[in-house]
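**Q** File final-v9.pdb below, PDB, C-alpha atoms and all ligand atoms:
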ATOM      1  CA  MET A 415     100.778  77.123 118.578
ATOM      2  CA  PHE A 416      99.167  80.478 117.836
ATOM      3  CA  VAL A 417     100.813  83.348 115.987
ATOM      4  CA  VAL A 418      99.533  86.814 116.977
ATOM      5  CA  THR A 419     100.288  89.729 114.645
ATOM      6  CA  GLY A 420      99.926  93.273 115.992
ATOM      7  CA  ALA A 421     101.245  91.934 119.301
ATOM      8  CA  THR A 422     102.188  95.432 120.509
ATOM      9  CA  GLY A 423      98.703  96.808 119.761
ATOM     10  CA  ASN A 424      95.599  97.309 121.891
ATOM     11  CA  VAL A 425      94.095  93.937 120.920
ATOM     12  CA  GLY A 426      97.208  91.874 120.169
ATOM     13  CA  ARG A 427      99.012  92.671 123.435
ATOM     14  CA  GLU A 428      95.975  91.507 125.427
ATOM     15  CA  LEU A 429      95.437  88.440 123.214
ATOM     16  CA  VAL A 430      99.044  87.291 123.760
ATOM     17  CA  ARG A 431      98.521  87.594 127.525
ATOM     18  CA  VAL A 432      95.171  85.749 127.523
ATOM     19  CA  LEU A 433      96.547  82.869 125.426
ATOM     20  CA  ALA A 434      99.741  82.610 127.486
ATOM     21  CA  ASP A 435      97.714  82.645 130.752
ATOM     22  CA  ALA A 436      95.644  79.769 129.338
ATOM     23  CA  GLY A 437      98.863  77.784 128.874
ATOM     24  CA  GLU A 438      98.940  78.023 125.064
ATOM     25  CA  ARG A 439     102.147  78.264 123.051
ATOM     26  CA  VAL A 440     102.264  81.699 121.431
ATOM     27  CA  THR A 441     104.460  83.578 118.962
ATOM     28  CA  ALA A 442     104.036  87.356 119.227
ATOM     29  CA  VAL A 443     104.824  89.241 116.007
ATOM     30  CA  SER A 444     105.768  92.901 115.753
ATOM     31  CA  ARG A 445     107.933  94.968 113.438
ATOM     32  CA  GLN A 446     110.319  96.051 116.171
ATOM     33  CA  PRO A 447     111.673  94.085 119.130
ATOM     34  CA  ALA A 448     109.070  94.177 121.912
ATOM     35  CA  PRO A 449     108.734  92.781 125.442
ATOM     36  CA  VAL A 450     106.536  89.671 125.708
ATOM     37  CA  PRO A 451     105.216  87.717 128.715
ATOM     38  CA  PRO A 452     107.396  84.883 130.066
ATOM     39  CA  GLY A 453     107.248  81.753 127.892
ATOM     40  CA  VAL A 454     106.056  83.613 124.786
ATOM     41  CA  ARG A 455     108.260  83.547 121.679
ATOM     42  CA  HIS A 456     108.787  86.834 119.833
ATOM     43  CA  SER A 457     109.285  87.096 116.089
ATOM     44  CA  GLN A 458     110.114  90.290 114.227
ATOM     45  CA  ALA A 459     108.204  90.585 110.932
ATOM     46  CA  ASP A 460     106.372  93.116 108.800
ATOM     47  CA  LEU A 461     103.072  92.236 107.083
ATOM     48  CA  ALA A 462     104.217  94.537 104.270
ATOM     49  CA  ASP A 463     106.980  91.984 103.565
ATOM     50  CA  PRO A 464     105.133  88.634 103.420
ATOM     51  CA  ALA A 465     108.286  86.576 102.688
ATOM     52  CA  GLY A 466     109.625  87.664 106.084
ATOM     53  CA  LEU A 467     106.725  85.930 107.879
ATOM     54  CA  ARG A 468     108.068  82.426 107.276
ATOM     55  CA  THR A 469     110.085  82.143 110.522
ATOM     56  CA  ALA A 470     107.171  83.422 112.618
ATOM     57  CA  MET A 471     104.803  80.824 111.115
ATOM     58  CA  GLU A 472     106.988  77.776 111.762
ATOM     59  CA  GLY A 473     105.067  75.181 113.776
ATOM     60  CA  ALA A 474     101.887  77.274 114.018
ATOM     61  CA  ASP A 475      98.328  75.900 113.923
ATOM     62  CA  ALA A 476      96.505  79.198 113.626
ATOM     63  CA  LEU A 477      97.162  82.868 112.901
ATOM     64  CA  PHE A 478      95.550  86.009 114.336
ATOM     65  CA  LEU A 479      95.903  88.386 111.399
ATOM     66  CA  LEU A 480      95.812  92.158 111.343
ATOM     67  CA  VAL A 481      94.861  94.242 108.316
ATOM     68  CA  ALA A 482      98.313  95.619 107.403
ATOM     69  CA  GLY A 483     100.473  95.483 104.297
ATOM     70  CA  GLU A 484      99.092  95.676 100.771
ATOM     71  CA  ASP A 485      99.104  92.054  99.597
ATOM     72  CA  PRO A 486      96.831  89.784 101.647
ATOM     73  CA  GLU A 487      97.083  86.956  99.083
ATOM     74  CA  ALA A 488     100.884  86.875  99.431
ATOM     75  CA  ILE A 489     100.569  86.870 103.249
ATOM     76  CA  LEU A 490      98.124  83.957 103.108
ATOM     77  CA  ASP A 491     100.330  82.038 100.631
ATOM     78  CA  GLN A 492     103.173  82.227 103.173
ATOM     79  CA  VAL A 493     100.803  81.116 105.913
ATOM     80  CA  LYS A 494      99.596  78.093 103.904
ATOM     81  CA  SER A 495     103.070  77.069 102.792
ATOM     82  CA  ALA A 496     104.106  76.992 106.469
ATOM     83  CA  GLY A 497     101.337  74.435 107.111
ATOM     84  CA  VAL A 498      99.056  76.745 109.099
ATOM     85  CA  ARG A 499      95.392  75.670 108.810
ATOM     86  CA  ARG A 500      93.331  78.444 110.396
ATOM     87  CA  VAL A 501      93.208  82.214 110.336
ATOM     88  CA  VAL A 502      91.246  84.690 112.469
ATOM     89  CA  LEU A 503      91.115  88.123 110.828
ATOM     90  CA  LEU A 504      90.744  91.369 112.793
ATOM     91  CA  SER A 505      88.714  93.288 110.214
ATOM     92  CA  SER A 506      86.449  96.264 110.838
ATOM     93  CA  GLN A 507      82.717  97.017 111.078
ATOM     94  CA  GLY A 508      83.173  99.377 108.115
ATOM     95  CA  ALA A 509      83.942  96.417 105.835
ATOM     96  CA  GLY A 510      80.283  95.476 106.247
ATOM     97  CA  THR A 511      78.590  98.865 106.556
ATOM     98  CA  ARG A 512      80.734 100.984 104.170
ATOM     99  CA  PRO A 513      82.653  98.576 101.919
ATOM    100  CA  HIS A 514      83.270 101.218  99.217
ATOM    101  CA  ILE A 515      85.356 103.202 101.763
ATOM    102  CA  TYR A 516      86.870 100.426 103.888
ATOM    103  CA  ARG A 517      88.569  98.773 100.909
ATOM    104  CA  HIS A 518      91.625  97.617 102.847
ATOM    105  CA  PRO A 519      89.733  95.354 105.305
ATOM    106  CA  VAL A 520      87.395  94.289 102.493
ATOM    107  CA  ALA A 521      90.401  93.109 100.426
ATOM    108  CA  PHE A 522      91.734  91.147 103.437
ATOM    109  CA  GLU A 523      88.295  89.606 104.089
ATOM    110  CA  GLU A 524      87.994  88.484 100.460
ATOM    111  CA  ALA A 525      91.504  86.998 100.451
ATOM    112  CA  VAL A 526      90.848  85.155 103.725
ATOM    113  CA  ARG A 527      87.524  83.738 102.474
ATOM    114  CA  GLU A 528      89.148  82.511  99.258
ATOM    115  CA  SER A 529      92.355  81.251 100.878
ATOM    116  CA  GLY A 530      91.275  77.646 101.383
ATOM    117  CA  LEU A 531      92.167  78.050 105.089
ATOM    118  CA  GLU A 532      89.582  77.683 107.852
ATOM    119  CA  TRP A 533      88.705  81.295 108.590
ATOM    120  CA  THR A 534      86.811  83.457 111.064
ATOM    121  CA  ILE A 535      86.344  87.197 110.644
ATOM    122  CA  LEU A 536      85.962  89.668 113.540
ATOM    123  CA  ARG A 537      84.365  93.005 112.669
ATOM    124  CA  PRO A 538      84.671  95.352 115.661
ATOM    125  CA  CYS A 539      83.252  98.865 115.743
ATOM    126  CA  GLY A 540      85.320 101.782 117.137
ATOM    127  CA  PHE A 541      87.586 100.921 120.085
ATOM    128  CA  ASP A 542      87.309 102.422 123.589
ATOM    129  CA  SER A 543      91.091 102.851 123.351
ATOM    130  CA  ASN A 544      90.671 105.534 120.672
ATOM    131  CA  ALA A 545      90.195 107.770 123.734
ATOM    132  CA  TYR A 546      94.000 107.591 124.191
ATOM    133  CA  ALA A 547      93.956 110.408 121.606
ATOM    134  CA  TRP A 548      92.761 112.602 124.509
ATOM    135  CA  ALA A 549      95.487 111.457 126.904
ATOM    136  CA  GLU A 550      97.786 114.474 126.537
ATOM    137  CA  SER A 551      95.055 117.143 126.565
ATOM    138  CA  ILE A 552      93.390 115.533 129.587
ATOM    139  CA  ARG A 553      96.740 115.220 131.409
ATOM    140  CA  THR A 554      97.730 118.802 130.716
ATOM    141  CA  HIS A 555      94.399 120.737 130.574
ATOM    142  CA  ARG A 556      91.703 118.308 131.782
ATOM    143  CA  THR A 557      90.092 118.841 128.340
ATOM    144  CA  ALA A 558      88.879 116.475 125.624
ATOM    145  CA  ALA A 559      88.013 117.672 122.106
ATOM    146  CA  ALA A 560      85.983 115.721 119.547
ATOM    147  CA  PRO A 561      83.296 116.312 116.929
ATOM    148  CA  PHE A 562      79.647 115.131 117.125
ATOM    149  CA  ALA A 563      79.420 115.449 120.923
ATOM    150  CA  GLU A 564      75.942 113.938 121.206
ATOM    151  CA  VAL A 565      76.169 111.062 118.715
ATOM    152  CA  GLY A 566      76.251 107.726 120.531
ATOM    153  CA  LEU A 567      78.102 104.636 119.264
ATOM    154  CA  PRO A 568      78.551 101.297 121.079
ATOM    155  CA  THR A 569      82.375 101.436 121.242
ATOM    156  CA  ILE A 570      84.141  98.253 122.294
ATOM    157  CA  ASP A 571      86.853  97.474 124.829
ATOM    158  CA  PRO A 572      89.845  95.977 122.962
ATOM    159  CA  ALA A 573      90.248  93.514 125.841
ATOM    160  CA  ASP A 574      86.835  92.072 124.884
ATOM    161  CA  ILE A 575      87.988  91.703 121.276
ATOM    162  CA  ALA A 576      91.077  89.864 122.540
ATOM    163  CA  GLU A 577      88.955  87.514 124.668
ATOM    164  CA  VAL A 578      86.683  86.823 121.704
ATOM    165  CA  ALA A 579      89.731  86.134 119.526
ATOM    166  CA  ALA A 580      91.097  83.706 122.127
ATOM    167  CA  VAL A 581      87.766  81.824 122.206
ATOM    168  CA  VAL A 582      87.597  81.628 118.422
ATOM    169  CA  LEU A 583      91.231  80.491 118.172
ATOM    170  CA  ARG A 584      90.947  77.823 120.886
ATOM    171  CA  GLN A 585      87.444  76.411 120.242
ATOM    172  CA  ALA A 586      86.166  74.463 117.261
ATOM    173  CA  GLY A 587      82.962  75.576 115.548
ATOM    174  CA  HIS A 588      83.770  79.109 114.390
ATOM    175  CA  ALA A 589      84.960  78.344 110.846
ATOM    176  CA  GLY A 590      83.220  80.362 108.130
ATOM    177  CA  ARG A 591      81.674  82.788 110.651
ATOM    178  CA  THR A 592      81.804  86.584 110.661
ATOM    179  CA  TYR A 593      81.198  88.167 114.075
ATOM    180  CA  GLU A 594      80.097  91.784 114.601
ATOM    181  CA  LEU A 595      81.649  93.047 117.839
ATOM    182  CA  THR A 596      80.334  96.036 119.801
ATOM    183  CA  GLY A 597      80.246  97.325 123.332
ATOM    184  CA  PRO A 598      77.172  97.109 125.603
ATOM    185  CA  THR A 599      75.411 100.381 124.745
ATOM    186  CA  PRO A 600      75.834 103.488 122.578
ATOM    187  CA  ILE A 601      77.868 106.164 124.358
ATOM    188  CA  THR A 602      78.513 109.712 123.123
ATOM    189  CA  PRO A 603      81.933 111.428 123.022
ATOM    190  CA  ARG A 604      80.752 113.798 125.778
ATOM    191  CA  GLU A 605      79.787 110.801 127.957
ATOM    192  CA  ARG A 606      83.154 109.130 127.280
ATOM    193  CA  ALA A 607      84.971 112.267 128.471
ATOM    194  CA  GLU A 608      82.730 112.320 131.580
ATOM    195  CA  ALA A 609      83.569 108.660 132.263
ATOM    196  CA  ILE A 610      87.293 109.441 132.157
ATOM    197  CA  GLY A 611      86.633 112.331 134.558
ATOM    198  CA  GLY A 612      84.811 109.847 136.808
ATOM    199  CA  ALA A 613      87.815 107.498 136.752
ATOM    200  CA  LEU A 614      90.159 110.417 137.533
ATOM    201  CA  GLY A 615      87.935 111.818 140.251
ATOM    202  CA  ALA A 616      88.251 115.225 138.511
ATOM    203  CA  PRO A 617      85.981 116.775 135.873
ATOM    204  CA  VAL A 618      87.095 116.736 132.221
ATOM    205  CA  ARG A 619      85.867 119.648 130.082
ATOM    206  CA  PHE A 620      84.498 118.704 126.660
ATOM    207  CA  ASP A 621      85.198 120.962 123.633
ATOM    208  CA  GLU A 622      83.097 120.113 120.589
ATOM    209  CA  GLN A 623      85.172 120.349 117.402
ATOM    210  CA  THR A 624      83.758 121.176 113.994
ATOM    211  CA  ARG A 625      83.965 118.433 111.385
ATOM    212  CA  GLU A 626      86.743 120.397 109.618
ATOM    213  CA  GLU A 627      88.828 120.760 112.797
ATOM    214  CA  ALA A 628      88.561 117.046 113.464
ATOM    215  CA  ARG A 629      89.313 116.206 109.825
ATOM    216  CA  ALA A 630      92.511 118.296 109.822
ATOM    217  CA  GLN A 631      93.696 116.585 113.011
ATOM    218  CA  MET A 632      92.925 113.049 111.737
ATOM    219  CA  LEU A 633      94.634 113.624 108.374
ATOM    220  CA  ALA A 634      97.926 113.810 110.265
ATOM    221  CA  PHE A 635      97.815 110.068 110.983
ATOM    222  CA  MET A 636      95.152 108.456 108.732
ATOM    223  CA  PRO A 637      94.712 108.267 104.933
ATOM    224  CA  GLU A 638      92.042 110.608 103.525
ATOM    225  CA  PRO A 639      89.390 108.011 102.564
ATOM    226  CA  VAL A 640      89.645 106.433 106.032
ATOM    227  CA  VAL A 641      89.332 109.867 107.685
ATOM    228  CA  ASP A 642      86.167 110.630 105.713
ATOM    229  CA  GLY A 643      84.747 107.147 106.371
ATOM    230  CA  THR A 644      85.480 107.466 110.086
ATOM    231  CA  LEU A 645      83.926 110.963 110.253
ATOM    232  CA  ALA A 646      80.827 109.630 108.465
ATOM    233  CA  ILE A 647      80.469 106.844 111.053
ATOM    234  CA  LEU A 648      81.089 109.261 113.961
ATOM    235  CA  GLY A 649      78.730 111.951 112.631
ATOM    236  CA  GLU A 650      76.062 110.174 110.611
ATOM    237  CA  PRO A 651      76.085 106.540 111.745
ATOM    238  CA  THR A 652      73.670 104.152 110.072
ATOM    239  CA  PRO A 653      71.184 102.326 112.336
ATOM    240  CA  GLU A 654      73.406  99.230 111.917
ATOM    241  CA  GLU A 655      76.450 101.164 113.225
ATOM    242  CA  GLN A 656      74.515 102.285 116.317
ATOM    243  CA  LYS A 657      73.095  98.845 117.046
ATOM    244  CA  VAL A 658      74.460  96.685 119.872
ATOM    245  CA  SER A 659      75.461  93.283 118.498
ATOM    246  CA  PRO A 660      74.753  90.147 120.564
ATOM    247  CA  ASP A 661      77.965  88.432 119.383
ATOM    248  CA  VAL A 662      80.342  89.343 122.255
ATOM    249  CA  GLU A 663      77.840  88.058 124.821
ATOM    250  CA  LEU A 664      77.155  84.902 122.790
ATOM    251  CA  LEU A 665      80.876  84.126 122.549
ATOM    252  CA  LEU A 666      81.985  85.123 126.068
ATOM    253  CA  GLY A 667      78.854  84.236 128.045
ATOM    254  CA  ARG A 668      78.827  87.712 129.612
ATOM    255  CA  ALA A 669      77.950  91.242 128.518
ATOM    256  CA  PRO A 670      80.671  93.360 126.891
ATOM    257  CA  ARG A 671      82.505  95.713 129.265
ATOM    258  CA  ALA A 672      81.294  99.312 129.597
ATOM    259  CA  PHE A 673      83.474 102.275 128.558
ATOM    260  CA  ALA A 674      83.718 103.278 132.239
ATOM    261  CA  ASP A 675      85.411  99.934 132.928
ATOM    262  CA  TRP A 676      88.028 100.611 130.203
ATOM    263  CA  ALA A 677      88.552 104.136 131.610
ATOM    264  CA  ALA A 678      89.044 102.816 135.152
ATOM    265  CA  ARG A 679      91.615 100.212 134.027
ATOM    266  CA  ASN A 680      93.512 102.727 131.882
ATOM    267  CA  VAL A 681      93.218 105.836 134.066
ATOM    268  CA  ALA A 682      97.018 106.100 134.448
ATOM    269  CA  ALA A 683      97.253 107.315 130.825
ATOM    270  CA  PHE A 684      95.121 110.367 131.755
ATOM    271  CA  ARG A 685      96.701 111.345 135.121
TER     272      ARG A 685
HETATM  273  N1  LIG B 701      90.826 101.612 116.485
HETATM  274  C1  LIG B 701      89.614 101.312 116.044
HETATM  275  O1  LIG B 701      88.596 101.970 116.359
HETATM  276  C2  LIG B 701      89.431 100.124 115.122
HETATM  277  C3  LIG B 701      88.132  99.766 114.724
HETATM  278  C4  LIG B 701      87.967  98.645 113.898
HETATM  279  C5  LIG B 701      89.073  97.906 113.510
HETATM  280  N2  LIG B 701      90.325  98.291 113.907
HETATM  281  C6  LIG B 701      91.484  97.503 113.469
HETATM  282  O2  LIG B 701      92.158  97.005 114.616
HETATM  283  C7  LIG B 701      93.564  97.008 114.434
HETATM  284  C8  LIG B 701      94.245  97.590 115.639
HETATM  285  O3  LIG B 701      93.827  98.913 115.746
HETATM  286  P1  LIG B 701      94.283  99.878 116.920
HETATM  287  O4  LIG B 701      93.668 101.179 116.600
HETATM  288  O5  LIG B 701      94.035  99.251 118.237
HETATM  289  O6  LIG B 701      95.837 100.019 116.645
HETATM  290  P2  LIG B 701      97.104  99.695 117.539
HETATM  291  O7  LIG B 701      96.779  99.182 118.859
HETATM  292  O8  LIG B 701      97.919 100.904 117.452
HETATM  293  O9  LIG B 701      97.757  98.485 116.797
HETATM  294  C9  LIG B 701      98.398  98.562 115.603
HETATM  295  C10 LIG B 701      99.250  97.298 115.550
HETATM  296  O10 LIG B 701      99.490  97.059 114.191
HETATM  297  C11 LIG B 701     100.808  96.616 114.066
HETATM  298  N3  LIG B 701     101.210  96.858 112.685
HETATM  299  C12 LIG B 701     100.953  97.972 111.961
HETATM  300  N4  LIG B 701     101.475  97.829 110.730
HETATM  301  C13 LIG B 701     102.039  96.597 110.677
HETATM  302  C14 LIG B 701     102.736  95.873 109.683
HETATM  303  N5  LIG B 701     102.978  96.394 108.481
HETATM  304  N6  LIG B 701     103.179  94.620 109.982
HETATM  305  C15 LIG B 701     102.967  94.083 111.206
HETATM  306  N7  LIG B 701     102.309  94.731 112.192
HETATM  307  C16 LIG B 701     101.868  95.970 111.931
HETATM  308  C17 LIG B 701     101.575  97.433 115.084
HETATM  309  O11 LIG B 701     102.694  96.722 115.447
HETATM  310  P3  LIG B 701     104.221  97.268 115.426
HETATM  311  O12 LIG B 701     104.157  98.750 115.121
HETATM  312  O13 LIG B 701     104.761  96.973 116.775
HETATM  313  O14 LIG B 701     104.852  96.454 114.388
HETATM  314  C18 LIG B 701     100.573  97.470 116.240
HETATM  315  O15 LIG B 701     100.743  96.371 117.098
HETATM  316  C19 LIG B 701      93.822  97.770 113.129
HETATM  317  O16 LIG B 701      94.235  96.842 112.149
HETATM  318  C20 LIG B 701      92.505  98.369 112.743
HETATM  319  O17 LIG B 701      92.256  98.289 111.363
HETATM  320  C21 LIG B 701      90.537  99.373 114.705
END
Translate the structure of the given file into structure tokens.

**A**
Amino acid sequence: MFVVTGATGNVGRELVRVLADAGERVTAVSRQPAPVPPGVRHSQADLADPAGLRTAMEGADALFLLVAGEDPEAILDQVKSAGVRRVVLLSSQGAGTRPHIYRHPVAFEEAVRESGLEWTILRPCGFDSNAYAWAESIRTHRTAAAPFAEVGLPTIDPADIAEVAAVVLRQAGHAGRTYELTGPTPITPRERAEAIGGALGAPVRFDEQTREEARAQMLAFMPEPVVDGTLAILGEPTPEEQKVSPDVELLLGRAPRAFADWAARNVAAFR
């Protein structure tokens, strides 16, 4: 049985579906009650309260773990005491490229590596689904605003991350591996807005924000060091952050999906 934390999120929701479709037994964890596919068990728990994870972990073989809560060691102690043997961590590319800023995923990676469990770490770059931030302005004004209009990054479809996670959870041979996950090609914010326009069949205007405008907006929902780290990746990516990784294709046997594919599947959010 697999336990999926973040089961209401962009990756977790899809991972629960993929595992359930494959006939696996799944427990979906979220902090609030949430709908789950038929046959899937739901467990309410908060990673910020590791003791509360015990019920969710009962009978599990492996855990898909999100970076949330402040005490990864306590989370992993609960996991081990429930008899779980494997953990797949959804970390972040920044843990590798900017570890001094991405301290939260770095702390989770270190705890996972030292846990004594079989572990696999997934390090995705920015998600295609971050474009949901444009949903309201595209719905109401057919406009998308972002900084660094011409800087391309190989953003990834969260559905590809979920498929990779399902492979790593279900197959042997991934213990002790860290996978870098990217999309198929760098794409700029302006091109992402155009792709959403293509999916809508109506042009989307692009307004380039200054760094300060973007920073003020992001501070409303992200801690300051993460905002500055994210702006650094978006504005001045390192060659490593712009590089397309082969790992999704190696694990799935097909190329990662293009942003236009994500936009077409999620166009309803922008109508
Ligand atoms: N977005 C990106 O570009 C990006 C890039 C690299 C890595 N990541 C990582 O990927 C993960 C998902 O990111 P996302 O942007 O796609 O977010 P998201 O879909 O909004 O997912 C966030 C999920 O986290 C769960 N969650 C948050 N705090 C929790 C807690 N204390 N205990 C249990 N569950 C908790 C939420 O569940 P409930 O609220 O239902 O409990 C929700 O399902 C994040 O951990 C992030 O670090 C994201």

**Q** If the limit is 8 Å from any atom of ligand LIG 701 (chain B), counting all atoms listed in the file, which residues qualify? Return them as a ChimeraX atom specification.

**A** /A:419-427,443-448,459-463,480-483,504-508,519,537-544,569,572

**Q** For Arg431 (chain A), which of A:Tyr516, A:Ala573, A:Ala589, A:Glu605 is the closest residue, counting only C-alpha atoms?

**A**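 Using only C-alpha atoms, Arg431 (chain A) sits closest to A:Ala573.
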
**Q** Might I get the box with edges along x, y and z of the file that holds all atoms of region 478-483 of chain A listed there, padded by 4 Å on every side, given as centre and edge lengths in Å to one decimal, as AutoDock Vina command-line options?

**A**
--center_x 97.7 --center_y 90.8 --center_z 109.3 --size_x 13.6 --size_y 17.6 --size_z 18.0

**Q** Translate the PyMOL selection byres (((chain A and resi 620) around 6) and not hetatm), as applied to the file shown, into an explicit residue set as a ChimeraX atom specification.

**A** /A:557-559,619,621

**Q** Write the residues you've just listed into a file as a PDB file, in the coordinates of the input, and include C-alpha atoms for each of them.

**A**
ATOM      1  CA  THR A 557      90.092 118.841 128.340  1.00  0.00           C
ATOM      2  CA  ALA A 558      88.879 116.475 125.624  1.00  0.00           C
ATOM      3  CA  ALA A 559      88.013 117.672 122.106  1.00  0.00           C
ATOM      4  CA  ARG A 619      85.867 119.648 130.082  1.00  0.00           C
ATOM      5  CA  ASP A 621      85.198 120.962 123.633  1.00  0.00           C
TER       6      ASP A 621
END

**Q** Find the residues around Leu531 (chain A) up to 8 Å (all atoms listed in the file counted), leave out those fewer than 3 positions away in its own chain, and share them as a ChimeraX atom specification.

**A** /A:494,499-501,526-528

**Q** Now that the selection is made, can you save its residues with C-alpha atoms as a compact mmCIF listing (two decimals), in the coordinates of the input?

**A**
# COMPACT_ATOMS: atom_id res chain seq x y z
CA LYS A 494 99.60 78.09 103.90
CA ARG A 499 95.39 75.67 108.81
CA ARG A 500 93.33 78.44 110.40
CA VAL A 501 93.21 82.21 110.34
CA VAL A 526 90.85 85.16 103.72
CA ARG A 527 87.52 83.74 102.47
CA GLU A 528 89.15 82.51 99.26

**Q** Determine, using all atoms listed in the file, which residues of region 549-606 of chain A have any atom at most 6 Å from an atom of region 653-674 of chain A, and tabulate each with its shortest atom pair and distance in Å to one decimal place, rows ordered by chain and then rising number, as a Markdown table.

**A**
| residue | atom | partner | partner_atom | distance |
| --- | --- | --- | --- | --- |
| A:Leu567 | CA | A:Gln656 | CA | 5.2 |
| A:Leu595 | CA | A:Val662 | CA | 5.9 |
| A:Thr596 | CA | A:Ser659 | CA | 5.7 |
| A:Gly597 | CA | A:Pro670 | CA | 5.3 |
| A:Pro598 | CA | A:Pro670 | CA | 5.3 |

**Q** Using only C-alpha atoms, pick whichever of A:Val640, A:Ala607, A:Ala646, A:Ala560 has the shortest atom-to-atom distance to His518 (chain A).

**A**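 Between A:Val640, A:Ala607, A:Ala646, A:Ala560, the residue approaching His518 (chain A) most closely is A:Val640.
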
**Q** Which one of A:Glu472, A:Glu622, A:Asp571, A:Glu564 sits closest to Asn680 (chain A) if you count all atoms listed in the file?

**A**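 When distances to Asn680 (chain A) are compared using all atoms listed in the file, the smallest one comes from A:Asp571.
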
**Q** In Å, with one decimal, what is the gap from CA of Ala634 (chain A) to CA of Glu550 (chain A)?

**A**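 For CA of Ala634 (chain A) relative to CA of Glu550 (chain A), the distance reads 16.3 Å.
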